$ cat structure_23.txt   # compact mmCIF, C-alpha atoms and all ligand atoms
# COMPACT_ATOMS: atom_id res chain seq x y z
CA MET A 202 48.92 -63.69 -145.92
CA THR A 203 45.56 -63.63 -147.68
CA GLY A 204 41.95 -63.08 -146.72
CA HIS A 205 41.79 -66.77 -145.84
CA ASP A 206 44.19 -66.17 -142.94
CA LEU A 207 41.79 -63.56 -141.61
CA VAL A 208 38.96 -66.02 -141.96
CA SER A 209 40.89 -68.61 -139.95
CA PHE A 210 41.51 -66.05 -137.19
CA PHE A 211 37.80 -65.31 -136.95
CA LYS A 212 36.90 -68.98 -137.27
CA THR A 213 39.05 -69.69 -134.21
CA LYS A 214 38.27 -66.63 -132.10
CA TYR A 215 34.92 -65.22 -133.25
CA PRO A 216 33.21 -67.68 -135.61
CA GLU A 217 30.87 -66.09 -138.13
CA ASN A 218 28.09 -68.52 -137.20
CA THR A 219 27.95 -67.09 -133.68
CA ALA A 220 26.71 -63.77 -135.11
CA TYR A 221 23.02 -63.00 -134.64
CA GLU A 222 20.78 -64.25 -137.40
CA TRP A 223 19.89 -60.75 -138.63
CA ASP A 224 23.54 -59.77 -138.84
CA HIS A 225 25.87 -59.75 -141.87
CA VAL A 226 29.44 -60.52 -140.92
CA GLY A 227 32.54 -61.79 -142.66
CA LEU A 228 33.68 -60.83 -146.14
CA GLN A 229 31.55 -57.96 -147.41
CA VAL A 230 33.40 -56.80 -150.52
CA GLY A 231 36.48 -58.22 -152.22
CA ARG A 232 38.05 -61.62 -152.67
CA LEU A 233 39.58 -63.85 -150.03
CA ASN A 234 42.41 -65.02 -152.31
CA GLN A 235 43.80 -61.52 -152.37
CA LYS A 236 47.17 -60.95 -150.72
CA ILE A 237 46.91 -58.67 -147.68
CA ASN A 238 49.31 -55.69 -147.87
CA GLY A 239 48.10 -54.12 -144.68
CA ILE A 240 45.04 -54.11 -142.43
CA LEU A 241 43.15 -51.08 -141.15
CA ILE A 242 40.75 -51.68 -138.26
CA ALA A 243 37.83 -49.24 -138.08
CA LEU A 244 34.48 -48.89 -136.36
CA ASP A 245 32.72 -47.96 -139.60
CA ILE A 246 33.40 -47.93 -143.32
CA THR A 247 33.24 -44.26 -144.27
CA GLU A 248 34.88 -42.28 -147.04
CA ALA A 249 37.45 -40.97 -144.54
CA VAL A 250 38.30 -44.50 -143.41
CA ILE A 251 38.65 -45.73 -147.00
CA GLU A 252 40.95 -42.76 -147.75
CA GLU A 253 43.01 -43.58 -144.68
CA ALA A 254 43.36 -47.20 -145.79
CA ILE A 255 44.46 -46.17 -149.28
CA LYS A 256 46.91 -43.61 -147.90
CA ASN A 257 48.48 -46.19 -145.58
CA ASN A 258 48.61 -48.87 -148.26
CA CYS A 259 46.18 -51.08 -146.34
CA ASN A 260 44.15 -53.09 -148.85
CA THR A 261 42.08 -54.75 -146.13
CA ILE A 262 39.67 -53.03 -143.75
CA ILE A 263 38.07 -54.82 -140.81
CA SER A 264 35.10 -52.89 -139.47
CA HIS A 265 32.86 -53.57 -136.51
CA HIS A 266 29.67 -52.21 -138.03
CA PRO A 267 28.90 -54.03 -141.31
CA PHE A 268 29.35 -51.83 -144.38
CA LEU A 269 26.62 -53.73 -146.22
CA PHE A 270 23.78 -54.34 -143.84
CA HIS A 271 20.51 -53.54 -145.58
CA PRO A 272 19.99 -55.41 -148.85
CA LEU A 273 21.02 -53.43 -151.92
CA LYS A 274 18.59 -53.45 -154.85
CA LYS A 275 20.84 -51.34 -157.06
CA ILE A 276 24.29 -49.76 -156.98
CA ASN A 277 23.92 -46.19 -158.13
CA LEU A 278 27.42 -44.72 -158.20
CA ASP A 279 25.96 -41.24 -157.76
CA THR A 280 24.79 -42.07 -154.24
CA PRO A 281 27.22 -41.88 -151.29
CA LYS A 282 27.00 -45.66 -150.74
CA GLY A 283 27.47 -46.40 -154.45
CA ALA A 284 30.49 -44.10 -154.58
CA LEU A 285 32.07 -45.95 -151.64
CA ILE A 286 31.49 -49.31 -153.34
CA GLU A 287 33.06 -47.91 -156.51
CA LYS A 288 36.12 -46.71 -154.59
CA ILE A 289 36.48 -50.02 -152.72
CA ILE A 290 36.44 -51.99 -155.97
CA GLN A 291 38.65 -49.53 -157.89
CA HIS A 292 41.30 -49.77 -155.18
CA GLN A 293 40.86 -53.55 -154.83
CA LEU A 294 40.14 -53.30 -151.12
CA MET A 295 38.81 -56.17 -149.06
CA ILE A 296 36.10 -55.23 -146.57
CA TYR A 297 35.46 -57.59 -143.67
CA ALA A 298 32.93 -57.16 -140.84
CA ALA A 299 33.19 -58.54 -137.29
CA HIS A 300 30.02 -57.43 -135.58
CA THR A 301 27.80 -59.48 -133.24
CA ASN A 302 30.19 -62.46 -133.51
CA TYR A 303 32.76 -60.13 -131.95
CA ASP A 304 30.24 -58.81 -129.41
CA VAL A 305 29.35 -62.25 -128.07
CA GLY A 306 32.88 -63.66 -128.24
CA HIS A 307 35.56 -63.74 -125.63
CA PRO A 308 37.06 -61.35 -124.80
CA GLY A 309 35.22 -59.56 -127.60
CA MET A 310 33.55 -56.19 -127.33
CA ASN A 311 31.84 -56.59 -123.99
CA GLN A 312 34.64 -58.05 -121.88
CA MET A 313 36.92 -55.41 -123.39
CA LEU A 314 34.50 -52.63 -122.32
CA ALA A 315 34.01 -54.24 -118.90
CA ASP A 316 37.79 -54.38 -118.41
CA LYS A 317 38.16 -50.75 -119.55
CA ILE A 318 35.79 -49.53 -116.86
CA GLY A 319 37.35 -51.83 -114.26
CA LEU A 320 34.55 -54.33 -113.68
CA THR A 321 35.53 -57.43 -111.72
CA GLU A 322 33.73 -60.72 -111.11
CA THR A 323 32.21 -60.35 -114.55
CA ASP A 324 29.59 -62.72 -115.86
CA VAL A 325 27.59 -62.86 -119.09
CA LEU A 326 24.59 -60.52 -118.91
CA ASP A 327 22.04 -62.18 -121.17
CA VAL A 328 21.96 -65.64 -122.76
CA ASP A 329 19.49 -66.26 -125.58
CA GLU A 330 17.64 -69.46 -126.50
CA ASN A 331 20.58 -70.56 -128.69
CA GLY A 332 22.96 -70.29 -125.76
CA ILE A 333 24.60 -67.15 -127.14
CA GLY A 334 25.55 -64.73 -124.38
CA MET A 335 25.57 -60.96 -124.83
CA GLY A 336 26.92 -58.28 -122.52
CA ARG A 337 28.60 -58.47 -119.12
CA ILE A 338 27.62 -57.76 -115.55
CA GLY A 339 30.17 -57.16 -112.85
CA THR A 340 31.13 -55.09 -109.86
CA ILE A 341 33.15 -51.97 -109.28
CA ALA A 342 34.39 -50.28 -106.09
CA PRO A 343 31.41 -48.21 -104.85
CA LEU A 344 31.10 -44.78 -106.45
CA SER A 345 28.46 -42.06 -106.36
CA LEU A 346 26.49 -41.83 -109.59
CA ASP A 347 28.29 -38.63 -110.64
CA ASP A 348 31.71 -40.09 -109.87
CA PHE A 349 30.83 -43.27 -111.74
CA ILE A 350 29.75 -41.31 -114.81
CA ASN A 351 32.97 -39.31 -114.78
CA HIS A 352 34.94 -42.51 -114.39
CA VAL A 353 33.20 -44.07 -117.42
CA LYS A 354 33.73 -40.94 -119.51
CA ASN A 355 37.41 -40.90 -118.62
CA GLN A 356 38.00 -44.59 -119.17
CA LEU A 357 36.13 -44.73 -122.46
CA ASP A 358 37.28 -41.29 -123.60
CA LEU A 359 33.73 -40.01 -124.11
CA LYS A 360 32.83 -36.32 -124.27
CA HIS A 361 29.19 -36.85 -123.35
CA VAL A 362 26.76 -39.56 -122.31
CA HIS A 363 23.01 -39.65 -121.66
CA LEU A 364 21.72 -40.60 -118.25
CA ILE A 365 18.27 -42.09 -117.67
CA SER A 366 17.67 -42.28 -113.93
CA HIS A 367 14.61 -42.42 -111.73
CA HIS A 368 16.75 -41.14 -108.85
CA ASP A 369 20.33 -39.96 -108.77
CA ASP A 370 21.14 -40.50 -105.12
CA LYS A 371 22.58 -43.95 -105.64
CA ILE A 372 25.89 -45.65 -104.96
CA ILE A 373 26.94 -47.59 -108.02
CA GLN A 374 28.52 -50.97 -107.50
CA LYS A 375 26.82 -53.50 -109.78
CA VAL A 376 27.21 -52.57 -113.43
CA ALA A 377 25.81 -54.16 -116.57
CA ILE A 378 27.16 -53.36 -120.02
CA SER A 379 26.33 -54.22 -123.60
CA GLY A 380 28.20 -52.27 -126.28
CA GLY A 381 26.19 -50.94 -129.21
CA SER A 382 22.38 -51.04 -129.40
CA GLY A 383 21.65 -53.07 -126.29
CA SER A 384 18.10 -52.03 -125.45
CA SER A 385 16.89 -55.61 -125.92
CA HIS A 386 19.01 -56.70 -122.95
CA MET A 387 17.63 -54.17 -120.47
CA MET A 388 15.31 -56.72 -118.85
CA ALA A 389 18.34 -58.91 -118.12
CA ALA A 390 20.06 -55.92 -116.51
CA LYS A 391 16.94 -55.29 -114.43
CA LYS A 392 16.58 -58.95 -113.44
CA LYS A 393 20.21 -59.16 -112.39
CA LYS A 394 19.73 -56.01 -110.27
CA ALA A 395 22.30 -53.83 -111.99
CA ASP A 396 22.63 -50.40 -110.36
CA ILE A 397 23.21 -49.05 -113.84
CA TYR A 398 23.17 -50.45 -117.38
CA LEU A 399 25.57 -49.09 -119.97
CA THR A 400 24.60 -49.40 -123.60
CA GLY A 401 23.93 -47.29 -126.69
CA ASP A 402 21.20 -46.17 -129.04
CA VAL A 403 18.51 -45.78 -126.38
CA THR A 404 15.47 -44.15 -127.98
CA TYR A 405 13.15 -41.69 -126.28
CA HIS A 406 10.46 -44.31 -125.79
CA THR A 407 12.89 -46.90 -124.46
CA ALA A 408 14.20 -44.26 -122.06
CA LEU A 409 10.64 -43.78 -120.77
CA GLU A 410 10.32 -47.55 -120.31
CA CYS A 411 13.57 -47.62 -118.32
CA LEU A 412 12.22 -44.94 -115.99
CA GLU A 413 9.03 -46.96 -115.46
CA LEU A 414 11.10 -50.09 -114.83
CA LYS A 415 13.35 -48.18 -112.44
CA LEU A 416 16.36 -49.30 -114.44
CA ARG A 417 19.11 -46.71 -114.47
CA VAL A 418 20.75 -46.51 -117.90
CA LEU A 419 23.80 -44.70 -119.21
CA ASP A 420 23.72 -44.32 -122.98
CA ILE A 421 27.39 -44.38 -123.99
CA GLY A 422 26.63 -44.55 -127.73
CA HIS A 423 28.26 -46.69 -130.37
CA TYR A 424 31.37 -44.56 -130.41
CA ALA A 425 32.41 -46.12 -127.08
CA GLU A 426 33.00 -49.29 -129.08
CA SER A 427 35.98 -47.60 -130.84
CA HIS A 428 38.28 -49.11 -128.24
CA PHE A 429 37.82 -52.47 -129.94
CA LYS A 430 40.31 -51.33 -132.59
CA THR A 431 43.35 -51.64 -130.35
CA ALA A 432 42.04 -54.81 -128.69
CA LEU A 433 41.45 -56.57 -132.01
CA LYS A 434 44.82 -55.42 -133.35
CA GLU A 435 46.56 -57.06 -130.38
CA GLU A 436 44.58 -60.27 -130.87
CA LEU A 437 45.41 -60.41 -134.58
CA ILE A 438 49.11 -59.96 -133.84
CA ALA A 439 49.02 -62.61 -131.10
CA PHE A 440 47.33 -65.01 -133.53
CA GLY A 441 50.17 -64.47 -135.99
CA ILE A 442 48.42 -62.31 -138.57
CA LYS A 443 51.20 -60.42 -140.31
CA GLY A 444 50.76 -56.67 -140.64
CA PRO A 445 51.14 -53.93 -140.91
CA ILE A 446 48.00 -53.63 -138.82
CA GLU A 447 46.76 -50.10 -138.23
CA THR A 448 43.82 -48.65 -136.33
CA ALA A 449 41.76 -45.91 -137.99
CA THR A 450 42.61 -42.48 -136.60
CA VAL A 451 40.19 -40.42 -138.67
CA GLU A 452 37.06 -41.62 -136.89
CA VAL A 453 35.20 -39.22 -134.61
CA SER A 454 31.78 -39.45 -133.00
CA PRO A 455 29.15 -38.19 -135.44
CA PHE A 456 27.44 -36.38 -132.52
CA LYS A 457 28.43 -32.94 -131.33
CA LEU A 458 27.13 -31.54 -128.09
CA LYS A 459 25.81 -28.02 -128.68
ZN ZN A 501 27.85 -50.57 -132.46
$ encode --input "structure_23.txt" --output "structure tokens" --more "lines below"
Ligand SMILES: [Zn+2]
Amino acid sequence: MTGHDLVSFFKTKYPENTAYEWDHVGLQVGRLNQKINGILIALDITEAVIEEAIKNNCNTIISHHPFLFHPLKKINLDTPKGALIEKIIQHQLMIYAAHTNYDVGHPGMNQMLADKIGLTETDVLDVDENGIGMGRIGTIAPLSLDDFINHVKNQLDLKHVHLISHHDDKIIQKVAISGGSGSSHMMAAKKKKADIYLTGDVTYHTALECLELKLRVLDIGHYAESHFKTALKEELIAFGIKGPIETATVEVSPFKLK
């Protein structure tokens, strides 16, 4: 089993060329010819995740968020990023990113999240000019807004969420979701008459726009995407990728509610 086997999994299930143009997916650091001793699946490449991979003898890390995203003009080993690159190369790790190609794929991030919160009759939320569909919209047995929020927090194992709502006295039945930073799909959620739109990374000014639009939004953050780890692990095993395949346990939300 080498990096090429991973590539063939993604080529079949979540082709790199389905990622958004601005994205950077696939092999990020390392060499595809390298034999895979073990795979660690993580949301992000952090020092803790790299340590966990080394400790568990996993020389391959698949992350959802790309480790290298903004262009590097220099690699200063005295910076946190430089030190991580140094460690990755010293330990001969292979770093692979499955980001928007995983988001738009099937089941991918969004069907997985929709299934987790129990949406049925799901459909793609937003299709762009290239025919690439992002997010899901579906229905749930009617719940009050408070009950719905508690349900989402339980199902996605979230300690806190942010609600943007022009009025709270609403029965929730039609739900749109786009994992990660999905503010660009809020018009689709509005057009398709979602009672609430679940996404992450909603800024203050976007929140104001949602109020004006009368689009109810629940900001579930990027950490909600953590559940992809188990889902991807199962898909890799089903595809025949030989392990061991682990999911990172050291990751926690960077936000603390005070
Ligand atoms: Zn994300």
$ residues_around --input "structure_23.txt" --residues "Leu273 in chain A" --least-positions-apart "4" --cutoff "10 Å" --atoms "only C-alpha atoms" --output "list in words"
Leu269, Asn277, Lys282 and Gly283 of chain A
$ write_last_selection --input "structure_23.txt" --atoms "C-alpha atoms" --output "mmCIF file, in the coordinates of the input"
data_model
loop_
_atom_site.group_PDB
_atom_site.id
_atom_site.type_symbol
_atom_site.label_atom_id
_atom_site.label_comp_id
_atom_site.auth_asym_id
_atom_site.auth_seq_id
_atom_site.Cartn_x
_atom_site.Cartn_y
_atom_site.Cartn_z
ATOM 1 C CA LEU A 269 26.620 -53.730 -146.220
ATOM 2 C CA ASN A 277 23.920 -46.190 -158.130
ATOM 3 C CA LYS A 282 27.000 -45.660 -150.740
ATOM 4 C CA GLY A 283 27.470 -46.400 -154.450
#
$ closest_residue --input "structure_23.txt" --among "A:Thr431, A:Ser379, A:Thr404, A:Gln356" --to "ligand ZN 501 (chain A)" --atoms "only C-alpha atoms and all ligand atoms"
A:Ser379
$ residues_near_ligand --input "structure_23.txt" --ligand "ligand ZN 501 (chain A)" --cutoff "8 Å" --atoms "only C-alpha atoms and all ligand atoms" --output "PDB file with C-alpha atoms, in the frame of the given file"
ATOM      1  CA  LEU A 244      34.480 -48.890-136.360  1.00  0.00           C
ATOM      2  CA  HIS A 265      32.860 -53.570-136.510  1.00  0.00           C
ATOM      3  CA  HIS A 266      29.670 -52.210-138.030  1.00  0.00           C
ATOM      4  CA  HIS A 300      30.020 -57.430-135.580  1.00  0.00           C
ATOM      5  CA  GLY A 380      28.200 -52.270-126.280  1.00  0.00           C
ATOM      6  CA  GLY A 381      26.190 -50.940-129.210  1.00  0.00           C
ATOM      7  CA  SER A 382      22.380 -51.040-129.400  1.00  0.00           C
ATOM      8  CA  GLY A 401      23.930 -47.290-126.690  1.00  0.00           C
ATOM      9  CA  GLY A 422      26.630 -44.550-127.730  1.00  0.00           C
ATOM     10  CA  HIS A 423      28.260 -46.690-130.370  1.00  0.00           C
ATOM     11  CA  TYR A 424      31.370 -44.560-130.410  1.00  0.00           C
ATOM     12  CA  GLU A 426      33.000 -49.290-129.080  1.00  0.00           C
TER      13      GLU A 426
END
$ atom_distance --input "structure_23.txt" --atom1 "CA of Thr301 in chain A" --atom2 "CA of Thr280 in chain A"
27.4 Å
$ residues_around --input "structure_23.txt" --residues "Asn258 in chain A" --least-positions-apart "4" --cutoff "9 Å" --atoms "all atoms listed in the file" --output "VMD selection string"
chain A and resid 238 to 240 253 to 254
$ closest_residue --input "structure_23.txt" --among "A:Met295, A:Leu357, A:Ile365, A:Ala439" --to "Ile246 in chain A" --atoms "all atoms listed in the file"
A:Met295
$ closest_residue --input "structure_23.txt" --among "A:Asp347, A:His406, A:Gly309, A:Val226" --to "Glu435 in chain A" --atoms "only C-alpha atoms"
A:Gly309
$ closest_residue --input "structure_23.txt" --among "A:Ile373, A:Met387, A:Ile289, A:Val325" --to "Thr400 in chain A" --atoms "only C-alpha atoms"
A:Met387
$ atom_distance --input "structure_23.txt" --atom1 "CA of His367 in chain A" --atom2 "CA of Lys394 in chain A"
14.6 Å
$ atom_distance --input "structure_23.txt" --atom1 "CA of Thr323 in chain A" --atom2 "CA of Met335 in chain A"
12.3 Å
$ residues_around --input "structure_23.txt" --residues "range 446-451 of chain A" --least-positions-apart "5" --cutoff "7 Å" --atoms "all atoms listed in the file" --output "number ranges by chain"
A: 239-243, 249-250, 430-431, 434
$ closest_residue --input "structure_23.txt" --among "A:Lys275, A:His368, A:Ile290, A:Tyr297" --to "His225 in chain A" --atoms "all atoms listed in the file"
A:Tyr297
$ closest_residue --input "structure_23.txt" --among "A:Val362, A:Ile338, A:Ala299, A:Leu320" --to "Lys214 in chain A" --atoms "all atoms listed in the file"
A:Ala299
$ residues_around --input "structure_23.txt" --residues "Leu326 in chain A" --least-positions-apart "5" --cutoff "8 Å" --atoms "all atoms listed in the file" --output "list in words"
Gly334, Met335, Gly336, Arg337, Ile338, Ala377, Ile378, His386, Ala389, Ala390 and Lys393 of chain A
$ build_atoms --input "structure_23.txt" --residues "range 207-218 of chain A" --atoms "N, CA and C atoms" --output "mmCIF file, in the coordinates of the input"
data_model
loop_
_atom_site.group_PDB
_atom_site.id
_atom_site.type_symbol
_atom_site.label_atom_id
_atom_site.label_comp_id
_atom_site.auth_asym_id
_atom_site.auth_seq_id
_atom_site.Cartn_x
_atom_site.Cartn_y
_atom_site.Cartn_z
ATOM 1 N N LEU A 207 42.722 -64.321 -142.451
ATOM 2 C CA LEU A 207 41.790 -63.560 -141.610
ATOM 3 C C LEU A 207 40.610 -64.431 -141.219
ATOM 4 N N VAL A 208 40.101 -65.134 -142.207
ATOM 5 C CA VAL A 208 38.960 -66.020 -141.960
ATOM 6 C C VAL A 208 39.324 -67.046 -140.889
ATOM 7 N N SER A 209 40.554 -67.583 -140.954
ATOM 8 C CA SER A 209 40.890 -68.610 -139.950
ATOM 9 C C SER A 209 41.033 -67.981 -138.571
ATOM 10 N N PHE A 210 41.502 -66.732 -138.494
ATOM 11 C CA PHE A 210 41.510 -66.050 -137.190
ATOM 12 C C PHE A 210 40.091 -65.974 -136.626
ATOM 13 N N PHE A 211 39.169 -65.481 -137.451
ATOM 14 C CA PHE A 211 37.800 -65.310 -136.950
ATOM 15 C C PHE A 211 37.129 -66.664 -136.676
ATOM 16 N N LYS A 212 37.464 -67.651 -137.481
ATOM 17 C CA LYS A 212 36.900 -68.980 -137.270
ATOM 18 C C LYS A 212 37.306 -69.515 -135.882
ATOM 19 N N THR A 213 38.551 -69.217 -135.500
ATOM 20 C CA THR A 213 39.050 -69.690 -134.210
ATOM 21 C C THR A 213 38.533 -68.853 -133.049
ATOM 22 N N LYS A 214 38.546 -67.525 -133.221
ATOM 23 C CA LYS A 214 38.270 -66.630 -132.100
ATOM 24 C C LYS A 214 36.808 -66.144 -132.049
ATOM 25 N N TYR A 215 36.263 -65.799 -133.204
ATOM 26 C CA TYR A 215 34.920 -65.220 -133.250
ATOM 27 C C TYR A 215 34.167 -65.775 -134.472
ATOM 28 N N PRO A 216 33.785 -67.055 -134.410
ATOM 29 C CA PRO A 216 33.210 -67.680 -135.610
ATOM 30 C C PRO A 216 31.999 -66.908 -136.148
ATOM 31 N N GLU A 217 31.962 -66.829 -137.479
ATOM 32 C CA GLU A 217 30.870 -66.090 -138.130
ATOM 33 C C GLU A 217 29.501 -66.633 -137.734
ATOM 34 N N ASN A 218 29.413 -67.961 -137.502
ATOM 35 C CA ASN A 218 28.090 -68.520 -137.200
ATOM 36 C C ASN A 218 27.617 -68.234 -135.782
#
